[in-house]
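A.B. asks: Next comes the structure file model-v9.csv, holding CSV, C-alpha atoms.
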chain,number,residue,atom,x,y,z
S,1,MET,CA,0.0,0.0,0.0
S,2,VAL,CA,2.9,2.4,0.6
S,3,ALA,CA,4.1,1.9,-2.9
S,4,LEU,CA,0.6,2.4,-4.2
S,5,ALA,CA,0.2,5.7,-2.2
S,6,ARG,CA,3.6,6.9,-3.5
S,7,LYS,CA,2.8,6.0,-7.1
S,8,SER,CA,-0.6,7.6,-6.9
S,9,LEU,CA,1.0,10.8,-5.6
S,10,LEU,CA,3.5,10.9,-8.4
S,11,HIS,CA,0.9,10.1,-11.1
S,12,GLY,CA,-1.6,12.7,-9.8
S,13,TRP,CA,0.8,15.2,-8.3
S,14,ARG,CA,-1.2,18.1,-9.8
S,15,ARG,CA,-4.2,17.1,-7.6
S,16,PHE,CA,-2.1,17.0,-4.5
S,17,LEU,CA,0.0,20.2,-5.2
S,18,PRO,CA,-2.6,22.6,-3.7
S,19,ALA,CA,-2.7,20.5,-0.5
S,20,THR,CA,1.1,20.5,-0.3
S,21,LEU,CA,1.3,24.2,-0.8
S,22,ALA,CA,-1.5,24.8,1.9
S,23,VAL,CA,0.5,22.7,4.3
S,24,ALA,CA,3.7,24.6,3.5
S,25,PHE,CA,1.8,27.9,4.0
S,26,ALA,CA,0.4,26.9,7.4
S,27,SER,CA,3.7,25.6,8.5
S,28,LEU,CA,5.6,28.7,7.4
S,29,MET,CA,3.2,31.0,9.1
S,30,LEU,CA,3.4,29.0,12.3
S,31,LEU,CA,7.2,28.9,12.2
S,32,VAL,CA,7.4,32.7,11.5
S,33,GLN,CA,5.0,33.4,14.4
S,34,SER,CA,7.1,31.2,16.7
S,35,ALA,CA,10.4,32.8,15.6
S,36,LEU,CA,9.0,36.3,16.1
S,37,LEU,CA,7.5,35.4,19.4
S,38,LEU,CA,10.8,33.9,20.7
S,39,GLY,CA,12.9,36.7,19.2
S,40,ILE,CA,10.8,39.7,20.5
S,41,PHE,CA,10.2,38.4,24.0
S,42,GLY,CA,13.7,36.9,24.1
S,43,SER,CA,15.0,40.5,23.8
S,44,ALA,CA,13.5,41.2,27.2
S,45,SER,CA,16.5,39.2,28.6
S,46,ILE,CA,19.1,40.7,26.2
S,47,TYR,CA,21.0,42.1,29.2
S,48,ILE,CA,21.3,38.6,30.7
S,49,ARG,CA,21.9,36.6,27.6
S,50,THR,CA,24.7,38.9,26.3
S,51,SER,CA,26.5,38.8,29.7
S,52,ARG,CA,28.9,36.4,31.4
S,53,ALA,CA,27.3,36.8,34.8
S,54,GLN,CA,26.0,33.7,36.4
S,55,LEU,CA,24.3,35.4,39.4
S,56,TRP,CA,22.2,38.5,39.6
S,57,VAL,CA,21.6,40.4,42.8
S,58,GLY,CA,18.7,42.9,42.7
S,59,TYR,CA,15.6,44.3,44.5
S,60,PRO,CA,13.3,41.6,45.9
S,61,GLY,CA,10.3,40.8,43.6
S,62,THR,CA,11.9,42.3,40.5
S,63,GLN,CA,10.2,40.7,37.4
S,64,THR,CA,12.3,42.1,34.7
S,65,VAL,CA,15.5,44.2,34.3
S,66,GLU,CA,13.6,47.3,33.4
S,67,LEU,CA,11.8,47.2,36.8
S,68,GLY,CA,14.9,47.2,39.0
S,69,ARG,CA,15.4,49.4,42.0
S,70,PRO,CA,18.6,50.5,43.7
S,71,VAL,CA,20.2,48.0,46.0
S,72,ALA,CA,22.8,48.8,48.7
S,73,ALA,CA,26.4,47.7,48.1
S,74,SER,CA,26.3,45.7,51.3
S,75,ALA,CA,24.3,43.0,49.4
S,76,ALA,CA,27.2,42.6,46.9
S,77,LEU,CA,29.6,42.2,49.8
S,78,ARG,CA,27.7,39.3,51.2
S,79,VAL,CA,27.7,37.6,47.8
S,80,LEU,CA,31.4,38.3,47.2
S,81,LEU,CA,32.4,36.6,50.5
S,82,ASP,CA,31.1,33.3,49.2
S,83,PRO,CA,34.2,31.1,48.3
S,84,ASP,CA,32.7,30.1,44.9
S,85,VAL,CA,32.1,33.7,43.8
S,86,GLU,CA,35.1,34.8,41.7
S,87,ARG,CA,34.1,38.5,41.1
S,88,ILE,CA,31.2,40.8,41.3
S,89,GLU,CA,30.5,44.2,39.6
S,90,PRO,CA,27.7,46.7,39.7
S,91,PHE,CA,25.3,47.3,36.8
S,92,ASP,CA,23.3,50.6,36.7
S,93,TRP,CA,20.0,50.7,34.8
S,94,LEU,CA,18.0,53.9,34.4
S,95,ASP,CA,15.6,55.7,32.1
S,96,GLY,CA,16.7,58.5,29.9
S,97,ASP,CA,15.4,61.1,27.5
S,98,TRP,CA,17.5,61.3,24.3
S,99,ARG,CA,17.5,64.5,22.2
S,100,ALA,CA,19.6,64.9,19.1
S,101,PRO,CA,18.6,67.0,16.0
S,102,ALA,CA,16.0,69.8,16.5
S,103,THR,CA,13.9,68.2,13.7
S,104,ARG,CA,13.3,65.1,15.8
S,105,GLY,CA,11.4,64.7,19.1
S,106,ALA,CA,12.7,63.1,22.2
S,107,VAL,CA,13.3,59.4,22.3
S,108,SER,CA,13.0,57.3,25.5
S,109,VAL,CA,16.2,55.3,26.1
S,110,PHE,CA,17.4,52.7,28.6
S,111,ILE,CA,20.8,53.6,30.0
S,112,SER,CA,23.0,50.7,31.0
S,113,GLY,CA,26.0,51.7,33.1
S,114,ILE,CA,28.7,48.9,33.0
S,115,ASP,CA,32.3,48.2,34.0
S,116,PRO,CA,34.2,49.0,30.8
S,117,ARG,CA,37.2,46.9,31.6
S,118,PRO,CA,38.0,44.3,28.9
S,119,ASP,CA,37.0,41.4,31.2
S,120,GLY,CA,33.8,43.1,32.3
S,121,LEU,CA,30.8,40.8,32.8
S,122,MET,CA,28.0,42.9,31.4
S,123,PHE,CA,27.4,42.7,27.6
S,124,ALA,CA,30.6,40.6,27.3
S,125,LYS,CA,29.2,38.7,24.4
S,126,ALA,CA,28.0,41.8,22.5
S,127,LEU,CA,30.8,44.4,23.1
S,128,PRO,CA,34.2,43.8,21.7
S,129,ALA,CA,37.3,45.1,23.5
S,130,ASP,CA,37.6,48.3,21.4
S,131,LEU,CA,34.1,49.4,22.2
S,132,ARG,CA,34.6,48.7,25.9
S,133,ALA,CA,37.8,50.8,25.8
S,134,ALA,CA,35.9,53.6,24.0
S,135,LEU,CA,33.4,53.8,26.9
S,136,ARG,CA,36.2,54.9,29.3
S,137,SER,CA,36.0,58.3,27.7
S,138,PRO,CA,33.6,60.6,29.7
S,139,GLY,CA,30.2,60.9,28.0
S,140,ALA,CA,30.9,58.1,25.5
S,141,VAL,CA,28.0,55.8,24.7
S,142,VAL,CA,27.4,52.8,22.4
S,143,VAL,CA,24.1,51.9,20.8
S,144,ASP,CA,22.8,49.2,18.5
S,145,ARG,CA,23.5,50.0,14.8
S,146,ALA,CA,19.8,49.5,13.9
S,147,ASP,CA,18.8,52.2,16.4
S,148,LEU,CA,20.9,55.0,14.8
S,149,PRO,CA,18.1,56.2,12.5
S,150,LYS,CA,15.6,56.2,15.3
S,151,LEU,CA,18.0,58.3,17.4
S,152,GLY,CA,18.7,60.7,14.5
S,153,THR,CA,22.5,60.6,15.0
S,154,ALA,CA,25.6,58.9,13.7
S,155,ILE,CA,28.9,57.6,15.0
S,156,GLY,CA,31.0,60.5,16.4
S,157,GLN,CA,28.0,62.9,16.8
S,158,THR,CA,26.7,64.2,20.0
S,159,ALA,CA,23.3,64.2,21.7
S,160,VAL,CA,21.7,65.1,25.0
S,161,ILE,CA,20.5,62.6,27.6
S,162,ASN,CA,18.7,64.0,30.6
S,163,GLY,CA,20.3,67.4,29.9
S,164,ARG,CA,23.8,66.0,29.7
S,165,THR,CA,25.9,65.9,26.5
S,166,VAL,CA,27.0,62.4,25.3
S,167,ARG,CA,28.9,61.2,22.2
S,168,VAL,CA,28.2,58.1,20.1
S,169,ALA,CA,31.5,56.3,20.4
S,170,GLY,CA,30.5,53.3,18.4
S,171,VAL,CA,27.7,50.8,17.5
S,172,ALA,CA,27.3,47.1,18.1
S,173,SER,CA,24.8,44.4,17.1
S,174,GLY,CA,22.4,42.5,19.3
S,175,LEU,CA,21.6,45.3,21.7
S,176,ARG,CA,18.0,46.1,20.7
S,177,ALA,CA,15.7,46.3,23.7
S,178,LEU,CA,12.0,45.5,24.0
S,179,GLY,CA,10.0,48.8,24.1
S,180,GLY,CA,12.9,51.2,23.9
S,181,VAL,CA,16.5,51.9,22.8
S,182,ASN,CA,19.5,50.6,24.8
S,183,VAL,CA,22.3,53.0,25.4
S,184,ILE,CA,25.5,51.5,26.9
S,185,THR,CA,27.8,53.7,29.0
S,186,SER,CA,30.4,53.4,31.7
S,187,LEU,CA,29.3,53.4,35.3
S,188,ALA,CA,30.7,56.9,35.8
S,189,THR,CA,28.8,58.3,32.8
S,190,ALA,CA,25.6,56.6,33.8
S,191,ARG,CA,25.7,58.1,37.3
S,192,ARG,CA,26.4,61.5,35.7
S,193,LEU,CA,23.3,61.0,33.5
S,194,SER,CA,21.1,60.0,36.5
S,195,PRO,CA,18.5,62.7,37.0
S,196,ASP,CA,18.5,62.2,40.8
S,197,GLY,CA,22.3,61.9,41.2
S,198,GLN,CA,22.4,58.2,42.0
S,199,SER,CA,24.8,57.3,44.9
S,200,THR,CA,27.9,55.3,44.1
S,201,ASP,CA,27.1,52.9,46.9
S,202,HIS,CA,23.8,51.9,45.3
S,203,SER,CA,23.2,50.2,42.0
S,204,ALA,CA,20.2,48.6,40.3
S,205,TYR,CA,22.0,45.3,40.1
S,206,TYR,CA,25.2,43.5,41.1
S,207,VAL,CA,26.3,40.7,38.8
S,208,ALA,CA,28.7,37.9,39.7
S,209,ALA,CA,30.8,35.3,38.0
S,210,LEU,CA,31.6,32.0,39.7
S,211,ARG,CA,34.7,29.9,39.9
S,212,PRO,CA,34.9,27.1,37.3
S,213,GLY,CA,32.8,24.1,38.3
S,214,ALA,CA,30.7,25.9,40.8
S,215,SER,CA,26.9,25.4,40.6
S,216,ALA,CA,24.9,28.6,40.1
S,217,ASP,CA,21.8,27.2,41.8
S,218,THR,CA,23.8,26.0,44.9
S,219,VAL,CA,25.6,29.3,45.3
S,220,ALA,CA,22.4,31.3,44.8
S,221,ALA,CA,20.7,29.3,47.5
S,222,ARG,CA,23.7,29.8,49.8
S,223,VAL,CA,24.0,33.6,49.4
S,224,ALA,CA,20.3,34.3,49.4
S,225,PRO,CA,19.2,36.7,52.2
S,226,ARG,CA,18.0,35.1,55.4
S,227,SER,CA,14.4,34.8,56.1
S,228,GLY,CA,12.9,38.2,56.9
S,229,ASP,CA,15.7,40.1,55.1
S,230,ALA,CA,14.0,42.0,52.3
S,231,ARG,CA,16.9,44.1,51.2
S,232,TYR,CA,17.9,42.1,48.1
S,233,ALA,CA,17.2,38.9,46.2
S,234,VAL,CA,19.5,36.6,44.2
S,235,TRP,CA,18.7,34.8,40.9
S,236,THR,CA,20.7,32.6,38.6
S,237,ALA,CA,21.1,34.1,35.1
S,238,GLY,CA,18.8,31.4,33.6
S,239,ASP,CA,16.1,32.0,36.2
S,240,PHE,CA,16.2,35.7,35.8
S,241,ALA,CA,16.1,35.4,32.0
S,242,THR,CA,13.0,33.2,32.2
S,243,ARG,CA,11.4,35.5,34.7
S,244,ALA,CA,11.9,38.5,32.4
S,245,ALA,CA,10.6,36.8,29.3
S,246,SER,CA,7.6,35.4,31.2
S,247,TYR,CA,6.7,38.9,32.5
S,248,TRP,CA,6.6,40.4,29.1
S,249,PHE,CA,4.7,37.4,27.6
S,250,PHE,CA,2.0,36.9,30.3
S,251,GLU,CA,1.8,40.2,32.2
S,252,THR,CA,1.7,42.7,29.3
S,253,GLY,CA,-0.9,40.9,27.2
S,254,ALA,CA,1.3,41.0,24.1
S,255,GLY,CA,2.0,37.3,24.3
S,256,ALA,CA,-1.7,36.5,24.1
S,257,GLY,CA,-2.1,38.6,21.0
S,258,PHE,CA,0.8,36.8,19.3
S,259,VAL,CA,-0.7,33.4,20.2
S,260,LEU,CA,-4.2,34.4,19.0
S,261,LEU,CA,-2.9,35.7,15.7
S,262,GLY,CA,-0.7,32.6,15.2
S,263,GLY,CA,-3.7,30.4,16.0
S,264,ILE,CA,-5.9,32.1,13.4
S,265,ILE,CA,-3.3,31.9,10.7
S,266,PHE,CA,-2.6,28.2,11.5
S,267,ILE,CA,-6.3,27.2,11.6
S,268,SER,CA,-6.9,29.0,8.3
S,269,GLY,CA,-4.0,27.1,6.6
S,270,ALA,CA,-5.1,23.8,8.2
S,271,LEU,CA,-8.7,24.2,6.8
S,272,ILE,CA,-7.4,25.0,3.4
S,273,ALA,CA,-5.1,22.0,3.5
S,274,ALA,CA,-8.0,19.7,4.6
S,275,GLN,CA,-10.2,20.9,1.8
S,276,SER,CA,-7.4,20.6,-0.8
S,277,LEU,CA,-6.6,17.0,0.4
S,278,ALA,CA,-10.3,16.0,0.4
S,279,ALA,CA,-10.6,17.4,-3.2
S,280,ALA,CA,-7.5,15.5,-4.3
S,281,VAL,CA,-8.9,12.2,-2.9
S,282,ALA,CA,-12.3,12.9,-4.4
S,283,GLY,CA,-10.6,13.3,-7.8
S,284,GLU,CA,-9.3,9.7,-7.5
S,285,ILE,CA,-12.6,8.1,-6.6
S,286,PRO,CA,-12.7,6.2,-10.0
S,287,GLU,CA,-9.3,4.7,-9.3
S,288,TYR,CA,-10.3,3.7,-5.8
S,289,ALA,CA,-13.5,2.1,-7.2
S,290,THR,CA,-11.3,0.1,-9.6
S,291,LEU,CA,-9.3,-1.1,-6.7
S,292,ARG,CA,-12.5,-2.1,-4.8
S,293,ALA,CA,-13.5,-4.1,-7.9
S,294,LEU,CA,-10.2,-5.9,-7.7
S,295,GLY,CA,-10.9,-6.9,-4.1
S,296,VAL,CA,-9.1,-4.2,-2.1
S,297,GLY,CA,-11.0,-3.4,1.0
S,298,ARG,CA,-12.0,0.0,2.3
S,299,GLY,CA,-9.7,-0.4,5.3
S,300,GLU,CA,-6.7,-0.8,2.9
S,301,LEU,CA,-7.8,2.2,0.9
S,302,ARG,CA,-8.0,4.3,4.0
S,303,LYS,CA,-4.4,3.4,4.7
S,304,VAL,CA,-3.5,4.6,1.2
S,305,VAL,CA,-5.2,7.9,1.9
S,306,LEU,CA,-3.4,8.3,5.3
S,307,GLU,CA,-0.1,7.5,3.7
S,308,GLN,CA,-0.7,10.1,1.0
S,309,ALA,CA,-1.5,12.6,3.8
S,310,CYS,CA,1.8,11.8,5.5
S,311,TRP,CA,3.7,12.3,2.2
S,312,VAL,CA,1.9,15.6,1.7
S,313,ALA,CA,2.7,16.7,5.2
S,314,GLY,CA,6.4,15.8,4.7
S,315,ALA,CA,6.7,17.6,1.4
S,316,GLY,CA,4.9,20.7,2.8
S,317,LEU,CA,7.1,20.8,5.9
S,318,ALA,CA,10.3,20.4,3.8
S,319,LEU,CA,9.2,23.3,1.6
S,320,ALA,CA,8.3,25.4,4.7
S,321,MET,CA,11.6,24.7,6.4
S,322,ALA,CA,13.5,25.8,3.3
S,323,LEU,CA,11.4,29.0,3.0
S,324,MET,CA,11.9,29.6,6.8
S,325,ALA,CA,15.7,29.5,6.4
S,326,ILE,CA,15.4,32.3,3.8
S,327,VAL,CA,13.1,34.3,6.0
S,328,VAL,CA,15.4,34.1,9.0
S,329,ILE,CA,18.4,35.2,6.9
S,330,LEU,CA,16.4,38.2,5.5
S,331,ALA,CA,15.1,39.1,8.9
S,332,ARG,CA,18.5,39.1,10.5
S,333,THR,CA,20.0,41.3,7.7
S,334,GLN,CA,17.2,43.8,8.6
S,335,ASP,CA,17.8,43.4,12.4
S,336,VAL,CA,14.4,41.9,13.0
S,337,PRO,CA,14.5,39.9,16.2
S,338,VAL,CA,13.9,36.3,15.3
S,339,ASP,CA,14.9,33.1,17.2
S,340,LEU,CA,13.9,29.6,16.3
S,341,ASN,CA,15.3,26.5,18.0
S,342,ALA,CA,15.0,22.8,17.1
S,343,ALA,CA,12.5,22.1,19.9
S,344,THR,CA,10.1,24.8,18.7
S,345,ALA,CA,10.5,23.7,15.1
S,346,ALA,CA,9.7,20.1,16.1
S,347,VAL,CA,6.6,21.2,18.0
S,348,CYS,CA,5.4,23.1,15.0
S,349,ALA,CA,6.1,20.2,12.7
S,350,LEU,CA,4.2,17.8,15.0
S,351,ALA,CA,1.2,20.2,15.1
S,352,VAL,CA,1.1,20.5,11.3
S,353,THR,CA,1.5,16.7,10.9
S,354,GLY,CA,-1.3,16.0,13.3
S,355,ILE,CA,-3.7,18.4,11.5
S,356,VAL,CA,-2.8,16.9,8.1
S,357,ILE,CA,-3.5,13.3,9.4
S,358,ILE,CA,-6.8,14.4,10.8
S,359,SER,CA,-7.5,16.0,7.3
S,360,GLY,CA,-6.6,12.6,5.8
S,361,LEU,CA,-9.1,10.8,8.0
S,362,VAL,CA,-11.8,13.3,6.9
S,363,ALA,CA,-10.8,12.9,3.3
S,364,ALA,CA,-10.9,9.1,3.7
S,365,SER,CA,-14.6,9.4,4.6
S,366,THR,CA,-15.3,10.1,0.9
S,367,LEU,CA,-14.2,6.6,0.0
S,368,GLY,CA,-17.8,5.6,0.7
S,369,ARG,CA,-18.5,6.7,-2.9
S,370,SER,CA,-15.9,4.4,-4.3
S,371,ASP,CA,-18.4,1.6,-5.1
S,372,PRO,CA,-17.4,-0.6,-8.0
S,373,ALA,CA,-20.9,-0.2,-9.5
S,374,MET,CA,-20.1,3.4,-10.4
S,375,LEU,CA,-17.7,2.1,-13.1
S,376,LEU,CA,-20.7,0.8,-15.0
S,377,ARG,CA,-22.4,4.2,-15.2
Since I need it in another form, could you write the structure as structure tokens?
C.D. replies:
Amino acid sequence: MVALARKSLLHGWRRFLPATLAVAFASLMLLVQSALLLGIFGSASIYIRTSRAQLWVGYPGTQTVELGRPVAASAALRVLLDPDVERIEPFDWLDGDWRAPATRGAVSVFISGIDPRPDGLMFAKALPADLRAALRSPGAVVVDRADLPKLGTAIGQTAVINGRTVRVAGVASGLRALGGVNVITSLATARRLSPDGQSTDHSAYYVAALRPGASADTVAARVAPRSGDARYAVWTAGDFATRAASYWFFETGAGAGFVLLGGIIFISGALIAAQSLAAAVAGEIPEYATLRALGVGRGELRKVVLEQACWVAGAGLALAMALMAIVVILARTQDVPVDLNAATAAVCALAVTGIVIISGLVAASTLGRSDPAMLLR
């Protein structure tokens, strides 16, 4: 029956082409939605994912980096005293108001004050050594290259943040934030840009690197504040990244909108695929009637239809994956945040395959019309 299903597909490929294209469309839309979902909400943890820090110390109850509050330096001292903590450094985060050309309005920016040393932890995976060195100059800032048009400035030009003059010392990639523009500065510059004159013994966060072989979960549990001490909290980098992405996905309502839109597109494509597959099977009713006359039972014919559905699903998914690779390449050249991992792609493929098999079962119901007597009409 497998050979029969395959030969039938090859012989009547024009009938099954619309179903294959419908499967490819539904799969591509689902993959694109998933990649955008992961990319956009993954940018909420850009500060964590681009850094080498394994522990984050911040204000208790903080859901995402943007909601941080100043924490006393005494919290960092308690963490640093742990034998498995190799180093710790402050990370300042504050809001800013960017003003460049008079022809453009103000732009809300997120200011990240980091240690600019070459071995600094924050943005270690995004900022090369030359850009970190450039941040040592007073008033120097680094932004994502895709944000330059939004800021209305260029490398080497100056702008004003919170009434203070800054200079764009360079640009990097992978710094785009969710809901604003990331501006990277040194700790000294960030504190000068703070509208309330932030104290040097308070920072929004303290980030720590551990000694090789140390368990982040074990150290986090060991340095966590004692019961009743609400001055600070400690998270591993993985936990804090998940916490930030979950906040933007579930608490803001944006995630539900993405899921709803993706569901509508997917269901529409699945319905088109089901109709196309049913039409293809209906077009082969005379052939199935001939097989019935030769003694092939309806159960065997249903297996043929299901095998055809699986072949259609496989071809559609292969086409969708090839198109998705092109979409990802184009998106990244335009700095569109997309992220698609193997697990997500596998879930999408299973969902599409399940829908196509169900469509095959629906299409198989038309085999009731494949009575050998129809050949005599």
A.B. asks: One decimal, in Å: what's the spacing between CA of Trp56 (chain S) and CA of Thr236 (chain S)?
C.D. replies: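 Between CA of Trp56 (chain S) and CA of Thr236 (chain S) the gap works out to 6.2 Å.
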A.B. asks: Write out as a PyMOL selection string which residues come within 9 Å of Phe240 (chain S) when counting only C-alpha atoms, dropping same-chain ones fewer than 3 positions away.
C.D. replies: chain S and resi 45+48+55-56+63-65+235-237+243-245
A.B. asks: With all atoms listed in the file as the basis for distance, which of S:Ala322, S:Val356, S:Leu330, S:Leu121 is at the shortest distance from Ala273 (chain S)?
C.D. replies: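 Closest residue, counting all atoms listed in the file: S:Val356.
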A.B. asks: Would you list the contacts of Asn182 (chain S) as a list of chain:residue names, taking every protein, DNA or RNA residue within 8 Å and counting all atoms listed in the file, but skipping same-chain residues closer than 5 positions in sequence?
C.D. replies: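 My reading of the contact set: S:Val109, S:Phe110, S:Ile111, S:Ser112, S:Val143, S:Asp144, S:Leu175, S:Arg176, S:Ala177.
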A.B. asks: Write to file, as a PDB file, in the coordinates of the input, the residues of the selection just made, with C-alpha atoms.
C.D. replies:
ATOM      1  CA  VAL S 109      16.200  55.300  26.100  1.00  0.00           C
ATOM      2  CA  PHE S 110      17.400  52.700  28.600  1.00  0.00           C
ATOM      3  CA  ILE S 111      20.800  53.600  30.000  1.00  0.00           C
ATOM      4  CA  SER S 112      23.000  50.700  31.000  1.00  0.00           C
ATOM      5  CA  VAL S 143      24.100  51.900  20.800  1.00  0.00           C
ATOM      6  CA  ASP S 144      22.800  49.200  18.500  1.00  0.00           C
ATOM      7  CA  LEU S 175      21.600  45.300  21.700  1.00  0.00           C
ATOM      8  CA  ARG S 176      18.000  46.100  20.700  1.00  0.00           C
ATOM      9  CA  ALA S 177      15.700  46.300  23.700  1.00  0.00           C
TER      10      ALA S 177
END
A.B. asks: Near Ala345 (chain S), counting only C-alpha atoms, which residues have an atom at most 10 Å away, once you skip same-chain residues fewer than 2 positions from it, shown as a PDB file with C-alpha atoms, in the coordinates of the input?
C.D. replies:
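Written output follows (out10.pdb):
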ATOM      1  CA  SER S  27       3.700  25.600   8.500  1.00  0.00           C
ATOM      2  CA  LEU S  30       3.400  29.000  12.300  1.00  0.00           C
ATOM      3  CA  LEU S  31       7.200  28.900  12.200  1.00  0.00           C
ATOM      4  CA  SER S  34       7.100  31.200  16.700  1.00  0.00           C
ATOM      5  CA  ALA S  35      10.400  32.800  15.600  1.00  0.00           C
ATOM      6  CA  MET S 321      11.600  24.700   6.400  1.00  0.00           C
ATOM      7  CA  LEU S 340      13.900  29.600  16.300  1.00  0.00           C
ATOM      8  CA  ASN S 341      15.300  26.500  18.000  1.00  0.00           C
ATOM      9  CA  ALA S 342      15.000  22.800  17.100  1.00  0.00           C
ATOM     10  CA  ALA S 343      12.500  22.100  19.900  1.00  0.00           C
ATOM     11  CA  VAL S 347       6.600  21.200  18.000  1.00  0.00           C
ATOM     12  CA  CYS S 348       5.400  23.100  15.000  1.00  0.00           C
ATOM     13  CA  ALA S 349       6.100  20.200  12.700  1.00  0.00           C
ATOM     14  CA  LEU S 350       4.200  17.800  15.000  1.00  0.00           C
ATOM     15  CA  ALA S 351       1.200  20.200  15.100  1.00  0.00           C
TER      16      ALA S 351
END
A.B. asks: Could you please determine the separation between CA of Gly156 (chain S) and CA of Val168 (chain S) in Å, to one decimal place?
C.D. replies: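 Computing it gives 5.2 Å between the two atoms.
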A.B. asks: Do you know which residues are at most 8 Å from Ile265 (chain S) counting all atoms listed in the file, after dropping those on the same chain fewer than 4 positions away, and could you put them as a PDB file with C-alpha atoms, in the frame of the given file?
C.D. replies:
ATOM      1  CA  ALA S  26       0.400  26.900   7.400  1.00  0.00           C
ATOM      2  CA  MET S  29       3.200  31.000   9.100  1.00  0.00           C
ATOM      3  CA  LEU S  30       3.400  29.000  12.300  1.00  0.00           C
ATOM      4  CA  LEU S 261      -2.900  35.700  15.700  1.00  0.00           C
ATOM      5  CA  GLY S 269      -4.000  27.100   6.600  1.00  0.00           C
TER       6      GLY S 269
END
A.B. asks: Restricting the calculation to all atoms listed in the file: of S:Gly42, S:Pro212, S:Ala140, S:Ser186, which residue gets closest to Ser246 (chain S)?
C.D. replies: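 Counting all atoms listed in the file, the residue closest to Ser246 (chain S) is S:Gly42.
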A.B. asks: For region 70-74 of chain S, please output as a PyMOL selection string all residues within 12 Å (counting all atoms listed in the file; exclusion window: fewer than 4 positions along the same chain).
C.D. replies: chain S and resi 56-60+62+65-66+78-81+88-94+198-207+225+230-234
A.B. asks: Using CA of Arg145 (chain S) and CA of Ala241 (chain S) as the two end points, give the distance in Å to one decimal.
C.D. replies: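 These two atoms are separated by 23.7 Å.
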A.B. asks: Pick out the closest residue to Met122 (chain S) from this set: S:Leu77, S:Asp147, S:Gly152, S:Ala209. Count only C-alpha atoms.
C.D. replies: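 Counting only C-alpha atoms, the residue closest to Met122 (chain S) is S:Ala209.
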A.B. asks: Find, counting all atoms listed in the file, the residue in S:Leu135, S:Ala100, S:Met324, S:Leu193 that gets nearest to Asp339 (chain S).
C.D. replies: S:Met324
A.B. asks: Out of S:Ser173, S:Ser359, S:Ser108, S:Thr185, which residue has the shortest atom-to-atom distance to Ser137 (chain S) when counting only C-alpha atoms?
C.D. replies: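 The shortest atom-to-atom distance to Ser137 (chain S) comes from S:Thr185.
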